[in-house]
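Here is the file work_8.txt (compact mmCIF, C-alpha atoms).
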# COMPACT_ATOMS: atom_id res chain seq x y z
CA SER A 1 103.97 101.34 109.92
CA ILE A 2 104.99 100.50 106.37
CA LEU A 3 102.90 98.70 103.75
CA LEU A 4 104.90 96.98 100.99
CA THR A 5 102.65 95.92 98.11
CA GLY A 6 103.52 93.77 95.12
CA THR A 7 102.47 90.93 92.87
CA PRO A 8 103.68 87.33 93.32
CA GLY A 9 107.36 87.00 92.48
CA THR A 10 108.31 90.65 92.91
CA GLY A 11 110.44 89.96 95.95
CA LYS A 12 108.34 91.28 98.84
CA THR A 13 109.72 88.65 101.21
CA SER A 14 113.27 89.46 100.07
CA VAL A 15 112.73 93.15 100.85
CA ALA A 16 111.21 92.21 104.22
CA ALA A 17 114.19 89.94 104.95
CA CYS A 18 116.63 92.76 104.09
CA PHE A 19 114.68 95.02 106.44
CA ALA A 20 114.86 92.35 109.17
CA GLN A 21 118.57 91.78 108.63
CA ALA A 22 119.42 95.49 108.79
CA ALA A 23 117.40 95.97 111.98
CA ALA A 24 118.85 92.90 113.69
CA ARG A 25 122.41 93.85 112.72
CA ARG A 26 122.02 97.22 114.41
CA GLY A 27 120.88 95.49 117.60
CA ASP A 28 117.08 95.66 117.25
CA ARG A 29 115.01 92.58 118.08
CA VAL A 30 112.97 91.54 115.05
CA LEU A 31 109.87 89.34 115.09
CA PHE A 32 108.96 88.00 111.63
CA PHE A 33 105.43 86.57 111.22
CA SER A 34 105.15 84.44 108.11
CA PHE A 35 101.81 83.22 106.80
CA GLU A 36 102.97 81.46 103.62
CA GLU A 37 106.47 80.06 104.19
CA SER A 38 108.16 78.22 107.02
CA PRO A 39 111.13 79.83 108.76
CA ASN A 40 113.47 77.22 107.25
CA GLN A 41 112.13 77.96 103.78
CA ILE A 42 112.62 81.72 104.22
CA ILE A 43 116.14 81.25 105.60
CA ARG A 44 117.05 78.90 102.73
CA ASN A 45 115.57 81.17 100.06
CA MET A 46 117.31 84.24 101.45
CA ARG A 47 120.63 82.38 101.58
CA SER A 48 120.30 81.97 97.79
CA ILE A 49 120.49 85.78 97.43
CA ASN A 50 123.28 86.03 100.00
CA LEU A 51 121.16 87.15 102.97
CA ARG A 52 122.40 85.27 106.01
CA LEU A 53 119.58 85.14 108.55
CA GLU A 54 120.70 82.03 110.49
CA PRO A 55 123.31 83.86 112.63
CA LEU A 56 120.73 86.48 113.59
CA VAL A 57 118.30 83.74 114.67
CA ARG A 58 121.03 81.94 116.64
CA ARG A 59 122.00 85.17 118.46
CA GLY A 60 118.36 85.85 119.32
CA GLY A 61 118.01 89.09 117.36
CA LEU A 62 115.59 87.58 114.85
CA ARG A 63 112.68 85.31 115.68
CA PHE A 64 110.23 83.73 113.26
CA HIS A 65 106.65 82.73 113.91
CA SER A 66 104.97 80.84 111.11
CA ALA A 67 101.34 79.73 110.86
CA ARG A 68 99.00 78.95 108.01
CA PRO A 69 96.12 81.46 107.76
CA SER A 70 93.68 78.55 107.75
CA LEU A 71 95.05 77.19 111.05
CA TYR A 72 92.52 79.23 113.04
CA GLY A 73 90.41 82.39 112.87
CA LEU A 74 91.52 86.01 112.81
CA GLU A 75 90.95 86.56 116.53
CA MET A 76 93.18 83.62 117.45
CA HIS A 77 95.88 84.79 115.03
CA LEU A 78 95.70 88.25 116.57
CA ALA A 79 95.85 86.86 120.12
CA THR A 80 98.85 84.73 119.13
CA MET A 81 100.62 87.75 117.62
CA PHE A 82 99.94 89.82 120.75
CA LYS A 83 101.34 86.99 122.91
CA GLU A 84 104.48 86.61 120.76
CA ILE A 85 105.07 90.38 120.71
CA ALA A 86 104.62 90.67 124.50
CA ALA A 87 107.01 87.74 125.10
CA PHE A 88 109.79 88.79 122.67
CA LYS A 89 109.47 92.58 123.03
CA PRO A 90 110.64 93.34 119.49
CA HIS A 91 111.68 96.71 118.13
CA VAL A 92 110.55 95.62 114.63
CA VAL A 93 107.66 93.37 113.55
CA ILE A 94 107.23 92.02 110.02
CA ILE A 95 103.99 90.46 108.81
CA ASP A 96 104.41 88.58 105.51
CA PRO A 97 101.89 88.78 103.85
CA ILE A 98 99.06 90.41 105.76
CA THR A 99 96.73 89.79 102.81
CA SER A 100 96.92 86.00 103.28
CA LEU A 101 95.78 86.44 106.84
CA MET A 102 93.07 88.96 105.95
CA ASP A 103 91.61 86.54 103.40
CA SER A 104 90.64 84.33 106.36
CA GLY A 105 87.75 86.65 107.22
CA SER A 106 85.46 89.27 105.75
CA ASP A 107 86.81 92.65 104.63
CA SER A 108 85.51 94.36 107.77
CA GLU A 109 86.94 91.64 110.05
CA GLY A 110 90.30 91.85 108.28
CA LYS A 111 90.47 95.63 108.53
CA ALA A 112 89.44 95.52 112.19
CA MET A 113 92.17 92.96 112.93
CA VAL A 114 94.83 95.02 111.12
CA THR A 115 93.68 98.20 112.88
CA ARG A 116 93.96 96.55 116.29
CA LEU A 117 97.39 95.13 115.45
CA ILE A 118 98.70 98.48 114.20
CA ASP A 119 97.31 100.28 117.25
CA TYR A 120 99.00 97.73 119.52
CA LEU A 121 102.34 98.08 117.71
CA LYS A 122 102.21 101.88 117.63
CA ALA A 123 101.35 102.03 121.34
CA GLY A 124 104.47 99.95 122.00
CA GLN A 125 106.55 102.12 119.63
CA VAL A 126 107.29 99.09 117.45
CA THR A 127 108.27 99.66 113.83
CA SER A 128 106.21 97.43 111.55
CA LEU A 129 106.43 96.26 107.96
CA PHE A 130 103.39 94.61 106.38
CA THR A 131 103.74 92.95 103.00
CA SER A 132 100.65 92.82 100.82
CA LEU A 133 100.03 90.57 97.84
CA THR A 134 98.21 92.04 94.83
CA GLN A 135 96.95 90.01 91.91
CA GLY A 136 99.00 90.16 88.74
CA GLY A 137 98.73 93.43 86.89
CA HIS A 138 95.42 94.52 88.39
CA ALA A 139 94.88 97.92 89.90
CA LEU A 140 95.53 98.08 93.61
CA ALA A 141 92.69 96.41 95.44
CA GLN A 142 90.21 98.46 97.42
CA SER A 143 91.21 96.58 100.58
CA GLU A 144 94.84 97.67 100.11
CA ALA A 145 93.80 101.27 99.60
CA ALA A 146 91.74 101.06 102.80
CA MET A 147 94.61 99.41 104.67
CA SER A 148 97.04 102.07 103.40
CA SER A 149 95.12 104.72 105.37
CA LEU A 150 96.35 103.00 108.55
CA MET A 151 99.99 103.10 107.44
CA ASP A 152 102.62 105.82 107.70
CA SER A 153 104.25 104.73 104.43
CA TRP A 154 103.09 102.76 101.41
CA VAL A 155 105.58 101.31 98.93
CA LEU A 156 104.70 99.50 95.70
CA LEU A 157 107.11 96.93 94.27
CA GLN A 158 106.66 96.11 90.56
CA ASP A 159 108.42 94.16 87.84
CA PHE A 160 108.71 95.53 84.32
CA GLU A 161 109.74 93.34 81.42
CA GLY A 162 110.90 94.63 78.07
CA ASN A 163 113.71 94.26 75.56
CA GLY A 164 114.75 91.00 77.19
CA GLU A 165 115.19 92.64 80.59
CA ARG A 166 113.35 92.36 83.85
CA ASN A 167 113.57 95.39 86.09
CA ARG A 168 112.22 95.84 89.61
CA VAL A 169 110.90 99.27 90.56
CA LEU A 170 109.99 100.67 93.98
CA TYR A 171 107.35 103.40 94.07
CA VAL A 172 106.74 105.38 97.24
CA LEU A 173 102.97 105.95 97.09
CA LYS A 174 102.70 107.51 100.53
CA ALA A 175 105.14 108.72 103.15
CA ARG A 176 103.86 110.74 106.09
CA GLY A 177 106.19 113.54 107.09
CA MET A 178 107.94 113.78 103.71
CA GLN A 179 107.57 116.78 101.46
CA PRO A 180 106.10 116.01 98.01
Could I get this structure in the form of structure tokens?
Amino acid sequence: SILLTGTPGTGKTSVAACFAQAAARRGDRVLFFSFEESPNQIIRNMRSINLRLEPLVRRGGLRFHSARPSLYGLEMHLATMFKEIAAFKPHVVIIDPITSLMDSGSDSEGKAMVTRLIDYLKAGQVTSLFTSLTQGGHALAQSEAAMSSLMDSWVLLQDFEGNGERNRVLYVLKARGMQP
């Protein structure tokens, strides 16, 4: 399980879409859960940076499931995800962003839901990528630090502006099995 954290506008969905595209191109089935954007919106936005997701959807290697976090409670979202995963049998699952979904309940309910989802995915040997939205410039939230303990890897995506340039930086904060 991978946690990709960043502030709004850093390109978390773009990184997730690249991850999905690479997996689908090598023949893995990818299930992309979106809790902020519709599939058409994601496909259109990724086309603008030359990521072509439509052919992968047409061939059946990439499937989107989109639902607003406020549509129903955490348990129903979790049950829906379990149902979609069981039906599609993906090799890769992307949840974008998990923090929007977790905001639908208390901290303990959100962590319990994520724990159950990760356990389910790991039991099925499914690779997972969770994007996480932090608030602009603030230290990483306690809930993200707690969620990171459930993950095998934790990557932070940040923008730095200076001298008229905007640079994107990836920090690997945690990677199980890698030497320091």
In Å, how far is it from atom CA of A:Tyr171 to atom CA of A:Ala17?
->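 Atom CA of A:Ala17 lies at a distance of 18.6 Å from atom CA of A:Tyr171.
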May I ask which of the residues A:Thr5, A:Gln21, A:Asn50, A:Thr99 is the closest one to A:Met113, counting only C-alpha atoms?
-> A:Thr99
Figure out the distance between atom CA of A:Ser104 and atom CA of A:Leu71, please, to one decimal in Å.
->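 According to the coordinates, atom CA of A:Leu71 and atom CA of A:Ser104 are separated by 9.6 Å.
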Could you give me, as a list in words, the residues within 12 Å of A:Arg168, counting only C-alpha atoms and dropping anything in the same chain fewer than 5 positions from it?
-> Gly6, Thr7, Gly9, Thr10, Gly11, Lys12, Val15, Leu156, Leu157, Gln158, Asp159, Phe160, Glu161 and Gly162 of chain A
Please save C-alpha atoms of the selected residues as a compact mmCIF listing (two decimals), keeping the file's coordinate frame.
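Wrote result.txt, looks like this:
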# COMPACT_ATOMS: atom_id res chain seq x y z
CA GLY A 6 103.52 93.77 95.12
CA THR A 7 102.47 90.93 92.87
CA GLY A 9 107.36 87.00 92.48
CA THR A 10 108.31 90.65 92.91
CA GLY A 11 110.44 89.96 95.95
CA LYS A 12 108.34 91.28 98.84
CA VAL A 15 112.73 93.15 100.85
CA LEU A 156 104.70 99.50 95.70
CA LEU A 157 107.11 96.93 94.27
CA GLN A 158 106.66 96.11 90.56
CA ASP A 159 108.42 94.16 87.84
CA PHE A 160 108.71 95.53 84.32
CA GLU A 161 109.74 93.34 81.42
CA GLY A 162 110.90 94.63 78.07
Scan for residues within 10 Å of the point (103.0, 82.8, 105.9) in the coordinates of the file, using all atoms listed in the file, and reply as a PDB file with C-alpha atoms, in the frame of the given file.
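Wrote part.pdb, looks like this:
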ATOM      1  CA  PHE A  32     108.960  88.000 111.630  1.00  0.00           C
ATOM      2  CA  PHE A  33     105.430  86.570 111.220  1.00  0.00           C
ATOM      3  CA  SER A  34     105.150  84.440 108.110  1.00  0.00           C
ATOM      4  CA  PHE A  35     101.810  83.220 106.800  1.00  0.00           C
ATOM      5  CA  GLU A  36     102.970  81.460 103.620  1.00  0.00           C
ATOM      6  CA  GLU A  37     106.470  80.060 104.190  1.00  0.00           C
ATOM      7  CA  SER A  38     108.160  78.220 107.020  1.00  0.00           C
ATOM      8  CA  PRO A  39     111.130  79.830 108.760  1.00  0.00           C
ATOM      9  CA  ILE A  42     112.620  81.720 104.220  1.00  0.00           C
ATOM     10  CA  HIS A  65     106.650  82.730 113.910  1.00  0.00           C
ATOM     11  CA  SER A  66     104.970  80.840 111.110  1.00  0.00           C
ATOM     12  CA  ALA A  67     101.340  79.730 110.860  1.00  0.00           C
ATOM     13  CA  ARG A  68      99.000  78.950 108.010  1.00  0.00           C
ATOM     14  CA  PRO A  69      96.120  81.460 107.760  1.00  0.00           C
ATOM     15  CA  ILE A  95     103.990  90.460 108.810  1.00  0.00           C
ATOM     16  CA  ASP A  96     104.410  88.580 105.510  1.00  0.00           C
ATOM     17  CA  PRO A  97     101.890  88.780 103.850  1.00  0.00           C
ATOM     18  CA  ILE A  98      99.060  90.410 105.760  1.00  0.00           C
ATOM     19  CA  THR A  99      96.730  89.790 102.810  1.00  0.00           C
ATOM     20  CA  SER A 100      96.920  86.000 103.280  1.00  0.00           C
ATOM     21  CA  LEU A 101      95.780  86.440 106.840  1.00  0.00           C
TER      22      LEU A 101
END
Find the smallest box with edges along x, y and z containing every listed atom of stretch 19-35 of chain A, then add 6 Å on each side and report centre and edge lengths in Å to one decimal, as AutoDock Vina command-line options.
--center_x 112.1 --center_y 90.2 --center_z 112.3 --size_x 32.6 --size_y 26.0 --size_z 23.6
For each of A:Ser14, A:Asp28, A:Gly60, A:Gly110, take the minimum atom-to-atom distance to A:Ile43, counting only C-alpha atoms, then give the residue where this is smallest.
->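 Of A:Ser14, A:Asp28, A:Gly60, A:Gly110, the one nearest A:Ile43 is A:Ser14, counting only C-alpha atoms.
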Between atom CA of A:Leu121 and atom CA of A:Ala87, what is the distance, to one decimal in Å?
->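 Computing it gives 13.5 Å between the two atoms.
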Need the neighbours of (107.9, 104.0, 120.0): which residues are at most 12 Å away, counting all atoms listed in the file, as a list in words?
-> Ser1, Lys89, Pro90, His91, Val92, Asp119, Tyr120, Leu121, Lys122, Ala123, Gly124, Gln125, Val126, Thr127 and Ser128 of chain A
Among listed residues A:Arg166, A:Arg116, A:Arg59, A:Lys174, nearest A:Val30 (using only C-alpha atoms) =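 Looking at the shortest contact to A:Val30, the residue is A:Arg59.
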Between A:Leu62, A:Met81, A:Leu117, A:Ala112, which has the minimum distance to A:Ala22 (counting all atoms listed in the file)?
-> A:Leu62
Pick from A:Leu129, A:Leu173, A:Leu74, A:Ala24, whichever lies nearest to A:Arg52 using only C-alpha atoms = A:Ala24
Quick one: of A:Val57, A:Val114, A:Leu31, A:Leu150, who's nearest to A:Ala86, counting all atoms listed in the file?
->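 For A:Ala86, the nearest of the candidates is A:Leu31.
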